[in-house]
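Structure, as structure tokens:
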There are 2 protein chains.
Amino acid sequence: MSQPQPLTTQENQHNTYLTGYTPSSTIHHEWRTAQNSAQHLLPTLTQMATLNPQLTLLDVGAGSGTITASLASYMPQGKVIAVDLSEEILQKAKRHADDVGAGNVEIRQGSVYELPFEDGTFDIVHASQVLAHLDEPRKAVGEMIRVAKKPGGVVALRESDLRAWSVYPEIPGLLAMNKMLCAVYETNRAHVKAGTQLVSWALAEGLKRQQITASAGTWCYSTPEERQIWAETMADRCVNGSVPKKAIEMGIAKREELKEMAEAWGKWMRAEDGWFGCLQGEVLIRF
Amino acid sequence: MSQPQPLTTQENQHNTYLTGYTPSSTIHHEWRTAQNSAQHLLPTLTQMATLNPQLTLLDVGAGSGTITASLASYMPQGKVIAVDLSEEILQKAKRHADDVGAGNVEIRQGSVYELPFEDGTFDIVHASQVLAHLDEPRKAVGEMIRVAKKPGGVVALRESDLRAWSVYPEIPGLLAMNKMLCAVYETNRAHVKAGTQLVSWALAEGLKRQQITASAGTWCYSTPEERQIWAETMADRCVNGSVPKKAIEMGIAKREELKEMAEAWGKWMRAEDGWFGCLQGEVLIRF
């Protein structure tokens, strides 16, 4: 497990990851797989890998690389490249790929604004929960489009609508945390509703509507195991990393209130009837 | 197409369908299929139908019966019974089943609180967007559990979190409509967050947590055709049926404001980058 590495304010302004890579956030990142986070791409990926086993896939903002390795397992003879701004998290992604036997994953440090590849390099270009954290998400979409093969390539995007949390029981601290999170995102030029904007960004980058397949996906946490992983991640996010620091700096929440939010997640975790659902917008762009 | 039949206030108090069966609401009902509205049940249904082709399925609150007929197509040798409180909508369900060649669908008028069947009659008991409209959703869940076979039977439920709308562009009238709709539901003892409560209702009816598989699904509207069907349905719901009547009676919205909400849907429909997602809670209960 890598050490917590809270981001500085300056780093955030350069479009790194606002949440930071605290232990709990990486634990939840590890829960993510192609099955629970890339259903909008899997049927297409499987079909493309059947027709062309030597498929290439670029995973942009790959983070700890669990979705990357999971995608790679669907194209064992293909090549997957994980790009991220953070060299440290990429090392983690590489270790994870090795651990699960995904020998076809390579890592490459780079910015989503200037992907270090020629035009039309990849059969599939994928990003999950990345655009929301960028100053210029539309520019990043354009860059991803640039490196996708034409014709035949695919760009797959998935982003949250952070406001669309459905939770039971509705413990006040949980709703307060959602408000706090949205406020911190909004004042840091992140995009709480990125999931709803994917079609608009793709169109603004010159695509035709017929090239875009839009859908919506979810994450849902309800079993005791799921509640534990989600509650611990969320509780950690209330008190560690740069989000709570910024919330305090900006006068959005007091330290005591942040602690109460974290405690609310503990309460939710212990509720046998606890249920959490959140919505993500998805697009699949075909060339 | 049946004639619009707005419900009276008295009828609503007896747990009939608040929205009413206006032409646009039934057009949207017709869009609903097992593929877009019962993914939480389909793999189990398919497996059960393979093991036992003479499967029986009860669809509770079947309405215009499109999900019913769609489910029936996965169990062609089985028997499907559609129950609803409204005899008129059941006739429509029967016509729809006949139109699509679902010869294995029967209709039966009845209340979800007193299903006209013996204990343990059905292999599968299904309800979609029904519990939210009931005074006593938990009691209905108990009744559905009663008529499911034990062991081996399954109860499948799916309900919205009406507050969890994700929409782009965020035209003010659309958000105003969502608020209006939630307020009307809440003051009419309907359940805006039913989707989040399914696990809690099932547990309260004596089930063990291990018997319940919880998930979340979505509806998403984005292509020109999808935007048209959803916008027309929603615009109609702003001005026809009992919801706007109640909103006016209760002082929640003025007629002029309701018209503006309907117009906002027209604007959204014409936006090429229009996108709408909403979240539904789902459970599959196994005996």
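We name chains A, B, ... following the order of the structure tokens; residues begin at 1 in each chain, and ligands are numbered from 1 as shown.
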message: Counting only C-alpha atoms, a student should be able to say which residues of chain B come within 7 Å of chain A; what is the right answer, written as an MDAnalysis selection string?
response: chainID B and resid 161 164:168 196:197 199:200 214:218 220 222 273 275 277 279
message: Which residues are close to stretch 151-159 of chain A, i.e. within 8 Å by only C-alpha atoms, leaving aside same-chain residues fewer than 5 positions away? Reply as a PyMOL selection string.
response: chain A and resi 38+40-41+122-132+144-145+194-195+198+280-287
With N, CA and C atoms retained, write the just-selected residues as a JSON list (two decimals), in the first residue's frame.
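Written output follows (part04.json):
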[["chain", "number", "residue", "atom", "x", "y", "z"],
["A", 38, "ALA", "N", -17.28, -0.52, -16.16],
["A", 38, "ALA", "CA", -17.12, -0.28, -17.61],
["A", 38, "ALA", "C", -18.07, -1.15, -18.44],
["A", 40, "HIS", "N", -20.44, -0.18, -20.10],
["A", 40, "HIS", "CA", -20.77, 0.50, -21.36],
["A", 40, "HIS", "C", -19.77, 0.15, -22.46],
["A", 41, "LEU", "N", -18.59, -0.36, -22.06],
["A", 41, "LEU", "CA", -17.54, -0.67, -23.03],
["A", 41, "LEU", "C", -17.38, -2.18, -23.27],
["A", 122, "PHE", "N", -4.67, 4.28, -31.03],
["A", 122, "PHE", "CA", -5.33, 3.21, -30.26],
["A", 122, "PHE", "C", -6.70, 2.79, -30.80],
["A", 123, "ASP", "N", -6.95, 1.49, -30.67],
["A", 123, "ASP", "CA", -8.29, 0.99, -31.03],
["A", 123, "ASP", "C", -9.33, 1.49, -30.03],
["A", 124, "ILE", "N", -8.94, 1.49, -28.75],
["A", 124, "ILE", "CA", -9.87, 1.93, -27.69],
["A", 124, "ILE", "C", -9.14, 2.93, -26.78],
["A", 125, "VAL", "N", -9.82, 4.04, -26.48],
["A", 125, "VAL", "CA", -9.30, 5.00, -25.51],
["A", 125, "VAL", "C", -10.35, 5.12, -24.41],
["A", 126, "HIS", "N", -9.95, 4.89, -23.18],
["A", 126, "HIS", "CA", -10.89, 4.78, -22.06],
["A", 126, "HIS", "C", -10.50, 5.73, -20.93],
["A", 127, "ALA", "N", -11.48, 6.38, -20.32],
["A", 127, "ALA", "CA", -11.25, 7.17, -19.10],
["A", 127, "ALA", "C", -12.46, 7.04, -18.19],
["A", 128, "SER", "N", -12.20, 6.82, -16.91],
["A", 128, "SER", "CA", -13.28, 6.64, -15.94],
["A", 128, "SER", "C", -13.03, 7.55, -14.75],
["A", 129, "GLN", "N", -13.97, 8.42, -14.45],
["A", 129, "GLN", "CA", -13.86, 9.34, -13.31],
["A", 129, "GLN", "C", -12.59, 10.18, -13.39],
["A", 130, "VAL", "N", -12.32, 10.70, -14.54],
["A", 130, "VAL", "CA", -11.12, 11.50, -14.77],
["A", 130, "VAL", "C", -11.51, 12.95, -15.12],
["A", 131, "LEU", "N", -12.42, 13.10, -16.05],
["A", 131, "LEU", "CA", -12.77, 14.42, -16.58],
["A", 131, "LEU", "C", -13.28, 15.36, -15.49],
["A", 132, "ALA", "N", -14.00, 14.80, -14.51],
["A", 132, "ALA", "CA", -14.57, 15.64, -13.43],
["A", 132, "ALA", "C", -13.50, 16.43, -12.71],
["A", 144, "MET", "N", -8.24, 12.78, -26.33],
["A", 144, "MET", "CA", -8.53, 11.35, -26.39],
["A", 144, "MET", "C", -9.03, 10.96, -27.78],
["A", 145, "ILE", "N", -9.86, 11.84, -28.34],
["A", 145, "ILE", "CA", -10.36, 11.61, -29.70],
["A", 145, "ILE", "C", -9.17, 11.57, -30.68],
["A", 194, "ALA", "N", -20.22, 16.17, -14.22],
["A", 194, "ALA", "CA", -19.52, 15.76, -15.44],
["A", 194, "ALA", "C", -20.28, 14.66, -16.20],
["A", 195, "GLY", "N", -20.87, 13.73, -15.44],
["A", 195, "GLY", "CA", -21.57, 12.60, -16.08],
["A", 195, "GLY", "C", -22.69, 13.02, -17.01],
["A", 198, "LEU", "N", -21.14, 14.63, -20.83],
["A", 198, "LEU", "CA", -20.26, 13.92, -21.77],
["A", 198, "LEU", "C", -20.69, 14.10, -23.22],
["A", 280, "GLN", "N", -23.76, 7.32, -12.84],
["A", 280, "GLN", "CA", -22.69, 7.81, -13.72],
["A", 280, "GLN", "C", -23.18, 7.91, -15.16],
["A", 281, "GLY", "N", -22.82, 9.00, -15.79],
["A", 281, "GLY", "CA", -23.08, 9.11, -17.22],
["A", 281, "GLY", "C", -21.99, 8.40, -17.99],
["A", 282, "GLU", "N", -22.35, 7.83, -19.14],
["A", 282, "GLU", "CA", -21.40, 7.07, -19.95],
["A", 282, "GLU", "C", -21.58, 7.44, -21.42],
["A", 283, "VAL", "N", -20.50, 7.49, -22.17],
["A", 283, "VAL", "CA", -20.63, 7.55, -23.62],
["A", 283, "VAL", "C", -19.62, 6.62, -24.27],
["A", 284, "LEU", "N", -20.02, 6.12, -25.42],
["A", 284, "LEU", "CA", -19.16, 5.33, -26.28],
["A", 284, "LEU", "C", -19.16, 6.07, -27.62],
["A", 285, "ILE", "N", -17.97, 6.51, -28.03],
["A", 285, "ILE", "CA", -17.84, 7.26, -29.28],
["A", 285, "ILE", "C", -17.18, 6.35, -30.31],
["A", 286, "ARG", "N", -17.80, 6.25, -31.48],
["A", 286, "ARG", "CA", -17.26, 5.36, -32.52],
["A", 286, "ARG", "C", -16.79, 6.15, -33.72],
["A", 287, "PHE", "N", -15.65, 5.78, -34.26],
["A", 287, "PHE", "CA", -15.11, 6.42, -35.47],
["A", 287, "PHE", "C", -15.15, 5.46, -36.65]]
- request: Using atom CA of B:Glu263 and atom CA of A:Arg138 as the two end points, give the distance in Å to one decimal.
  value: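 Pair atom CA of B:Glu263 / atom CA of A:Arg138 returns 29.0 Å.
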query: Do you have the atom CA of A:Ala72-atom CA of A:Val147 distance handy?
result: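 Atom-to-atom, atom CA of A:Ala72 to atom CA of A:Val147, that is 18.6 Å.
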query: Excluding same-chain residues fewer than 2 positions from stretch 252-261 of chain B, what lies within 8 Å of it counting only C-alpha atoms, as a list in words?
result: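 Everything that qualifies: Gly173, Leu174, Ala176, Met177, Met180, Ala183, Val184, Ala235, Cys238, Val239, Pro244, Ala247, Ile248, Glu249, Met250, Glu263, Ala264 and Trp265 of chain B.
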Output C-alpha atoms for every residue in the selection just made, as a PDB file, in the first residue's frame.
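The resulting again-v4.pdb:
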ATOM      1  CA  GLY B 173     -38.130  24.485 -15.486  1.00  0.00           C
ATOM      2  CA  LEU B 174     -36.909  20.873 -15.406  1.00  0.00           C
ATOM      3  CA  ALA B 176     -38.703  23.048 -10.853  1.00  0.00           C
ATOM      4  CA  MET B 177     -40.768  20.158 -12.196  1.00  0.00           C
ATOM      5  CA  MET B 180     -43.026  19.957  -7.800  1.00  0.00           C
ATOM      6  CA  ALA B 183     -43.725  17.699  -3.260  1.00  0.00           C
ATOM      7  CA  VAL B 184     -46.945  16.284  -4.736  1.00  0.00           C
ATOM      8  CA  ALA B 235     -44.412  17.769 -20.500  1.00  0.00           C
ATOM      9  CA  CYS B 238     -46.752  18.898 -16.060  1.00  0.00           C
ATOM     10  CA  VAL B 239     -50.186  19.825 -17.371  1.00  0.00           C
ATOM     11  CA  PRO B 244     -50.645  19.262 -11.791  1.00  0.00           C
ATOM     12  CA  ALA B 247     -49.947  20.899  -7.308  1.00  0.00           C
ATOM     13  CA  ILE B 248     -52.369  23.774  -7.936  1.00  0.00           C
ATOM     14  CA  GLU B 249     -54.814  22.700  -5.195  1.00  0.00           C
ATOM     15  CA  MET B 250     -51.960  22.450  -2.695  1.00  0.00           C
ATOM     16  CA  GLU B 263     -42.098  24.275 -22.197  1.00  0.00           C
ATOM     17  CA  ALA B 264     -38.748  23.552 -20.540  1.00  0.00           C
ATOM     18  CA  TRP B 265     -39.118  19.913 -21.624  1.00  0.00           C
TER      19      TRP B 265
END
field: All helix (DSSP H, G or I) positions in stretch 107-182 of chain A, as a list in words
entry: Leu131, Ala132, His133, Pro137, Arg138, Lys139, Ala140, Val141, Gly142, Glu143, Met144, Ile145, Arg146, Pro172, Gly173, Leu174, Leu175, Ala176, Met177, Asn178, Lys179, Met180, Leu181 and Cys182 of chain A
- prompt: Which residues come within 12 Å of B:Gln91, counting only C-alpha atoms, excluding same-chain residues fewer than 3 positions away, as number ranges by chain?
  reply: B: 1-2, 62-65, 82-88, 94-98, 105-109
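Residues lying within 8 Å of A:Thr66, counting only C-alpha atoms and ignoring same-chain neighbours fewer than 2 positions away, are His29, Glu30, Trp31, Arg32, Thr33, Ser64, Thr68, Ala69, Ser70, Ala93, His96 and Ala97 of chain A.
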Output file for the residues above (all heavy atoms, as an mmCIF file, in the first residue's frame):
data_model
loop_
_atom_site.group_PDB
_atom_site.id
_atom_site.type_symbol
_atom_site.label_atom_id
_atom_site.label_comp_id
_atom_site.auth_asym_id
_atom_site.auth_seq_id
_atom_site.Cartn_x
_atom_site.Cartn_y
_atom_site.Cartn_z
ATOM 1 N N HIS A 29 -10.647 2.377 -4.849
ATOM 2 C CA HIS A 29 -10.208 2.299 -6.247
ATOM 3 C C HIS A 29 -9.973 0.844 -6.638
ATOM 4 O O HIS A 29 -10.263 0.437 -7.759
ATOM 5 C CB HIS A 29 -8.922 3.107 -6.454
ATOM 6 C CG HIS A 29 -9.149 4.588 -6.430
ATOM 7 N ND1 HIS A 29 -8.128 5.488 -6.543
ATOM 8 C CD2 HIS A 29 -10.284 5.318 -6.319
ATOM 9 C CE1 HIS A 29 -8.621 6.719 -6.493
ATOM 10 N NE2 HIS A 29 -9.924 6.639 -6.348
ATOM 11 N N GLU A 30 -9.469 0.053 -5.689
ATOM 12 C CA GLU A 30 -9.173 -1.347 -5.994
ATOM 13 C C GLU A 30 -10.430 -2.184 -6.197
ATOM 14 O O GLU A 30 -10.400 -3.230 -6.817
ATOM 15 C CB GLU A 30 -8.301 -1.956 -4.896
ATOM 16 C CG GLU A 30 -6.850 -1.541 -5.085
ATOM 17 C CD GLU A 30 -6.023 -1.669 -3.827
ATOM 18 O OE1 GLU A 30 -6.365 -2.496 -2.963
ATOM 19 O OE2 GLU A 30 -5.022 -0.944 -3.721
ATOM 20 N N TRP A 31 -11.524 -1.726 -5.620
ATOM 21 C CA TRP A 31 -12.792 -2.427 -5.773
ATOM 22 C C TRP A 31 -13.292 -2.312 -7.218
ATOM 23 O O TRP A 31 -14.041 -3.144 -7.712
ATOM 24 C CB TRP A 31 -13.800 -1.808 -4.796
ATOM 25 C CG TRP A 31 -15.192 -2.314 -4.924
ATOM 26 C CD1 TRP A 31 -15.717 -3.439 -4.343
ATOM 27 C CD2 TRP A 31 -16.264 -1.713 -5.662
ATOM 28 N NE1 TRP A 31 -17.038 -3.558 -4.683
ATOM 29 C CE2 TRP A 31 -17.401 -2.523 -5.483
ATOM 30 C CE3 TRP A 31 -16.380 -0.569 -6.457
ATOM 31 C CZ2 TRP A 31 -18.638 -2.218 -6.071
ATOM 32 C CZ3 TRP A 31 -17.592 -0.277 -7.045
ATOM 33 C CH2 TRP A 31 -18.702 -1.091 -6.848
ATOM 34 N N ARG A 32 -12.832 -1.269 -7.896
ATOM 35 C CA ARG A 32 -13.336 -0.996 -9.243
ATOM 36 C C ARG A 32 -12.793 -1.999 -10.259
ATOM 37 O O ARG A 32 -11.602 -2.253 -10.336
ATOM 38 C CB ARG A 32 -12.918 0.411 -9.689
ATOM 39 C CG ARG A 32 -13.441 1.493 -8.798
ATOM 40 C CD ARG A 32 -13.022 2.856 -9.338
ATOM 41 N NE ARG A 32 -13.257 3.886 -8.342
ATOM 42 C CZ ARG A 32 -12.925 5.165 -8.500
ATOM 43 N NH1 ARG A 32 -12.357 5.563 -9.627
ATOM 44 N NH2 ARG A 32 -13.168 6.050 -7.563
ATOM 45 N N THR A 33 -13.692 -2.533 -11.047
ATOM 46 C CA THR A 33 -13.313 -3.458 -12.115
ATOM 47 C C THR A 33 -14.071 -3.061 -13.381
ATOM 48 O O THR A 33 -14.973 -2.221 -13.341
ATOM 49 C CB THR A 33 -13.709 -4.906 -11.762
ATOM 50 O OG1 THR A 33 -15.142 -4.944 -11.641
ATOM 51 C CG2 THR A 33 -13.075 -5.382 -10.466
ATOM 52 N N SER A 64 -4.923 3.678 -9.762
ATOM 53 C CA SER A 64 -4.322 2.457 -9.224
ATOM 54 C C SER A 64 -4.488 1.264 -10.174
ATOM 55 O O SER A 64 -4.041 0.158 -9.861
ATOM 56 C CB SER A 64 -4.875 2.151 -7.840
ATOM 57 O OG SER A 64 -6.278 2.137 -7.878
ATOM 58 N N THR A 68 -7.991 -0.873 -15.373
ATOM 59 C CA THR A 68 -7.035 -1.158 -16.451
ATOM 60 C C THR A 68 -6.754 -2.656 -16.561
ATOM 61 O O THR A 68 -6.888 -3.246 -17.641
ATOM 62 C CB THR A 68 -5.672 -0.465 -16.162
ATOM 63 O OG1 THR A 68 -5.904 0.826 -15.620
ATOM 64 C CG2 THR A 68 -4.824 -0.364 -17.407
ATOM 65 N N ALA A 69 -6.351 -3.260 -15.435
ATOM 66 C CA ALA A 69 -5.999 -4.689 -15.448
ATOM 67 C C ALA A 69 -7.209 -5.542 -15.779
ATOM 68 O O ALA A 69 -7.101 -6.558 -16.474
ATOM 69 C CB ALA A 69 -5.423 -5.089 -14.094
ATOM 70 N N SER A 70 -8.367 -5.105 -15.300
ATOM 71 C CA SER A 70 -9.597 -5.848 -15.567
ATOM 72 C C SER A 70 -9.944 -5.772 -17.062
ATOM 73 O O SER A 70 -10.276 -6.784 -17.687
ATOM 74 C CB SER A 70 -10.704 -5.263 -14.687
ATOM 75 O OG SER A 70 -11.906 -5.928 -14.880
ATOM 76 N N ALA A 93 -0.218 0.801 -10.133
ATOM 77 C CA ALA A 93 -0.996 0.176 -11.209
ATOM 78 C C ALA A 93 -0.209 -0.985 -11.817
ATOM 79 O O ALA A 93 -0.769 -2.055 -12.105
ATOM 80 C CB ALA A 93 -1.342 1.213 -12.282
ATOM 81 N N HIS A 96 -0.165 -3.879 -9.431
ATOM 82 C CA HIS A 96 -1.461 -4.557 -9.447
ATOM 83 C C HIS A 96 -1.596 -5.439 -10.690
ATOM 84 O O HIS A 96 -2.050 -6.583 -10.605
ATOM 85 C CB HIS A 96 -2.615 -3.546 -9.387
ATOM 86 C CG HIS A 96 -3.958 -4.196 -9.516
ATOM 87 N ND1 HIS A 96 -4.554 -4.883 -8.473
ATOM 88 C CD2 HIS A 96 -4.798 -4.345 -10.578
ATOM 89 C CE1 HIS A 96 -5.698 -5.399 -8.882
ATOM 90 N NE2 HIS A 96 -5.876 -5.079 -10.149
ATOM 91 N N ALA A 97 -1.206 -4.905 -11.842
ATOM 92 C CA ALA A 97 -1.278 -5.681 -13.089
ATOM 93 C C ALA A 97 -0.444 -6.950 -12.961
ATOM 94 O O ALA A 97 -0.892 -8.050 -13.335
ATOM 95 C CB ALA A 97 -0.811 -4.825 -14.264
#
field: Backbone-only DSSP, strand (DSSP E) members of stretch 10-159 of chain A, as number ranges by chain
entry: A: 56-60, 79-84, 105-109, 124-128, 154-159
Mind writing the picked residues with C-alpha atoms as a PDB file, in the first residue's frame?
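Saved the output as selection01.pdb:
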ATOM      1  CA  THR A  56      -4.588  -1.697 -28.338  1.00  0.00           C
ATOM      2  CA  LEU A  57      -6.234   0.142 -25.446  1.00  0.00           C
ATOM      3  CA  LEU A  58      -5.193   3.373 -23.752  1.00  0.00           C
ATOM      4  CA  ASP A  59      -6.488   3.892 -20.212  1.00  0.00           C
ATOM      5  CA  VAL A  60      -6.276   7.605 -19.434  1.00  0.00           C
ATOM      6  CA  LYS A  79      -1.729  -4.307 -25.435  1.00  0.00           C
ATOM      7  CA  VAL A  80      -2.961  -1.922 -22.748  1.00  0.00           C
ATOM      8  CA  ILE A  81      -1.199   1.309 -21.810  1.00  0.00           C
ATOM      9  CA  ALA A  82      -2.064   3.046 -18.531  1.00  0.00           C
ATOM     10  CA  VAL A  83      -1.395   6.791 -18.488  1.00  0.00           C
ATOM     11  CA  ASP A  84      -1.514   8.950 -15.381  1.00  0.00           C
ATOM     12  CA  VAL A 105      -0.319  -3.730 -19.211  1.00  0.00           C
ATOM     13  CA  GLU A 106       2.353  -1.056 -19.684  1.00  0.00           C
ATOM     14  CA  ILE A 107       2.535   2.245 -17.820  1.00  0.00           C
ATOM     15  CA  ARG A 108       3.417   5.674 -19.162  1.00  0.00           C
ATOM     16  CA  GLN A 109       3.506   8.941 -17.246  1.00  0.00           C
ATOM     17  CA  ILE A 124      -9.866   1.926 -27.692  1.00  0.00           C
ATOM     18  CA  VAL A 125      -9.303   5.001 -25.514  1.00  0.00           C
ATOM     19  CA  HIS A 126     -10.886   4.781 -22.058  1.00  0.00           C
ATOM     20  CA  ALA A 127     -11.245   7.167 -19.098  1.00  0.00           C
ATOM     21  CA  SER A 128     -13.276   6.642 -15.936  1.00  0.00           C
ATOM     22  CA  VAL A 154     -13.669   3.825 -29.909  1.00  0.00           C
ATOM     23  CA  VAL A 155     -13.519   6.344 -27.035  1.00  0.00           C
ATOM     24  CA  ALA A 156     -15.285   5.277 -23.812  1.00  0.00           C
ATOM     25  CA  LEU A 157     -15.983   7.778 -21.022  1.00  0.00           C
ATOM     26  CA  ARG A 158     -17.680   7.426 -17.666  1.00  0.00           C
ATOM     27  CA  GLU A 159     -18.148  10.185 -15.069  1.00  0.00           C
TER      28      GLU A 159
END
